[in-house]
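Visitor: Provided herewith: my_file_0.cif, mmCIF, C-alpha atoms.
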```cif
data_start
loop_
_atom_site.label_atom_id
_atom_site.label_comp_id
_atom_site.auth_asym_id
_atom_site.auth_seq_id
_atom_site.Cartn_x
_atom_site.Cartn_y
_atom_site.Cartn_z
CA MET A 102 93.39 133.84 99.13
CA GLY A 103 92.53 135.68 102.29
CA GLU A 104 89.93 133.13 103.37
CA LYS A 105 91.47 131.40 106.38
CA ARG A 106 91.19 127.65 106.39
CA SER A 107 89.77 126.86 109.81
CA GLY A 108 87.73 123.68 109.71
CA PRO A 109 85.55 122.07 110.68
CA TYR A 110 87.85 119.06 110.86
CA PHE A 111 87.20 115.36 111.40
CA CYS A 112 90.44 114.75 113.30
CA GLY A 113 93.96 116.05 113.90
CA ILE A 114 95.29 114.52 110.67
CA ASP A 115 92.60 116.41 108.75
CA ALA A 116 93.65 119.71 110.38
CA ALA A 117 97.36 119.00 109.76
CA MET A 118 96.77 118.10 106.12
CA ASP A 119 94.93 121.39 105.68
CA VAL A 120 98.25 123.10 106.45
CA VAL A 121 100.66 120.83 104.54
CA GLY A 122 98.36 119.56 101.80
CA GLY A 123 99.42 120.08 98.21
CA LYS A 124 102.48 119.05 96.27
CA TRP A 125 104.83 121.86 97.28
CA LYS A 126 104.22 122.77 100.93
CA ALA A 127 106.07 119.82 102.47
CA LEU A 128 108.93 120.43 100.03
CA ILE A 129 109.06 124.12 100.99
CA LEU A 130 109.24 123.06 104.65
CA TRP A 131 112.03 120.61 103.84
CA GLU A 132 113.96 123.22 101.82
CA LEU A 133 113.75 125.78 104.64
CA GLU A 134 114.75 123.22 107.25
CA GLU A 135 117.74 122.05 105.20
CA ASN A 136 118.98 125.50 104.21
CA GLY A 137 117.63 127.99 106.74
CA VAL A 138 116.61 131.46 105.57
CA ARG A 139 116.01 131.48 101.81
CA ARG A 140 115.32 134.17 99.27
CA PHE A 141 112.46 133.58 96.86
CA GLY A 142 114.77 132.78 93.95
CA GLU A 143 116.75 130.31 96.07
CA LEU A 144 113.55 128.53 97.03
CA ARG A 145 112.46 128.39 93.40
CA ARG A 146 115.82 126.94 92.29
CA GLY A 147 115.70 124.41 95.15
CA LEU A 148 112.28 123.16 94.03
CA PRO A 149 112.61 122.35 90.32
CA GLY A 150 109.24 122.16 88.60
CA VAL A 151 107.36 124.63 90.80
CA SER A 152 105.92 127.62 88.97
CA GLU A 153 106.42 131.10 90.35
CA LYS A 154 102.66 131.50 90.79
CA MET A 155 102.32 128.22 92.72
CA LEU A 156 105.33 128.96 94.94
CA ILE A 157 103.92 132.39 95.82
CA GLN A 158 100.51 130.87 96.61
CA GLN A 159 101.94 128.10 98.78
CA LEU A 160 104.25 130.50 100.65
CA ARG A 161 101.35 132.87 101.32
CA GLU A 162 99.27 130.05 102.78
CA LEU A 163 102.16 128.87 104.95
CA GLU A 164 102.66 132.45 106.13
CA GLU A 165 98.92 132.77 106.86
CA ASP A 166 99.12 129.61 108.97
CA GLY A 167 102.13 130.92 110.91
CA ILE A 168 104.49 128.28 109.51
CA VAL A 169 106.90 130.66 107.74
CA THR A 170 107.78 134.31 108.08
CA ARG A 171 108.29 136.60 105.13
CA GLU A 172 110.60 139.58 105.47
CA VAL A 173 110.73 142.24 102.77
CA PHE A 174 113.81 144.45 102.70
CA PRO A 175 113.33 148.01 101.40
CA GLU A 176 115.84 147.73 98.56
CA ILE A 177 115.69 148.10 94.81
CA PRO A 178 115.00 145.48 93.61
CA PRO A 179 113.13 144.29 96.72
CA ARG A 180 114.72 141.39 98.57
CA VAL A 181 112.31 138.94 100.22
CA GLU A 182 113.43 136.22 102.62
CA TYR A 183 111.49 133.30 104.07
CA GLU A 184 112.20 131.44 107.29
CA LEU A 185 110.52 128.73 109.34
CA THR A 186 108.79 129.92 112.50
CA GLU A 187 108.87 127.93 115.75
CA LEU A 188 105.55 126.45 114.67
CA GLY A 189 107.06 125.52 111.30
CA ALA A 190 110.03 123.83 112.98
CA ALA A 191 107.61 121.90 115.21
CA LEU A 192 105.65 120.84 112.13
CA ASN A 193 108.84 119.56 110.50
CA THR A 194 109.59 117.59 113.66
CA ALA A 195 106.13 116.04 113.45
CA LEU A 196 106.68 115.19 109.77
CA ARG A 197 110.05 113.42 110.32
CA PRO A 198 108.49 109.96 110.95
CA LEU A 199 106.45 110.37 107.78
CA GLY A 200 109.66 111.23 105.90
CA ALA A 201 111.35 108.11 107.27
CA TRP A 202 108.37 106.03 106.15
CA GLY A 203 108.64 107.63 102.70
CA ARG A 204 112.39 106.89 102.42
CA ASP A 205 111.66 103.24 103.30
CA ARG A 206 109.01 103.21 100.60
CA ILE A 207 111.44 104.62 98.03
CA ASP A 208 113.86 101.80 98.85
CA ARG A 209 111.12 99.16 98.95
CA ILE A 210 109.72 100.01 95.50
CA GLY A 211 113.08 100.97 93.98
CA ALA A 212 111.93 104.47 93.04
CA ALA A 213 114.33 107.04 91.68
CA ARG A 214 115.21 110.11 93.75
CA VAL A 215 115.42 113.66 92.46
CA HIS A 216 118.93 115.07 92.71
CA ILE A 217 119.15 118.85 92.73
CA THR A 218 122.29 120.43 91.34
CA ALA A 219 123.21 123.84 92.62
#
```
Let's see the structure in the file written out as structure tokens.
Guide:
Amino acid sequence: MGEKRSGPYFCGIDAAMDVVGGKWKALILWELEENGVRRFGELRRGLPGVSEKMLIQQLRELEEDGIVTREVFPEIPPRVEYELTELGAALNTALRPLGAWGRDRIDRIGAARVHITA
């Protein structure tokens, strides 16, 4: 970590995918948009299948890119909360048409959907 991803890029899609690329980042964005501020454990439960290590890595990259904020509360045990920034909310807005395309694809191919139980 620590090495900022900053191009060079071929086009805007290339630069955007640098931020949201990977299996979990778009799902983290979705989870934060759907539920607002989330603690680490809540995010982990909301994304079945993600390892703790991968979630930490993806959150750090999103924080580095200014997409989420991380607030640590000085408690024992420490409480950490994540929230979308204005930039993160704008990114989700930009991703909505892609999500609609994906929902159409799910219906078109008859794919199953993951249902998360709380």
Visitor: Taking only C-alpha atoms into account, which of A:Cys112, A:Leu156, A:Met118, A:Glu182 comes nearest Arg140 (chain A)?
Guide: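 Using only C-alpha atoms, Arg140 (chain A) sits closest to A:Glu182.
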Visitor: Just so the selection is clear, what residues does the PyMOL selection byres ((chain A and resi 145) around 12) cover here, as a PyMOL selection string?
Guide: chain A and resi 125+128-129+132-133+139-144+146-157+159-160+183+217+219
Visitor: Expanded to explicit residues, what is the PyMOL selection byres ((chain A and resi 187-193) around 7) for this file, as a PyMOL selection string?
Guide: chain A and resi 130+167-169+185-186+194-197
Visitor: What is the CA of Gly108 (chain A)-CA of Val121 (chain A) distance in Å, reported with one decimal?
Guide: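 Going from CA of Gly108 (chain A) over to CA of Val121 (chain A) covers 14.2 Å.
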Visitor: Report, in Å to a single decimal, how far apart CA of Ala117 (chain A) and CA of Asp166 (chain A) are.
Guide: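 About the pair CA of Asp166 (chain A) and CA of Ala117 (chain A): they are 10.8 Å apart.
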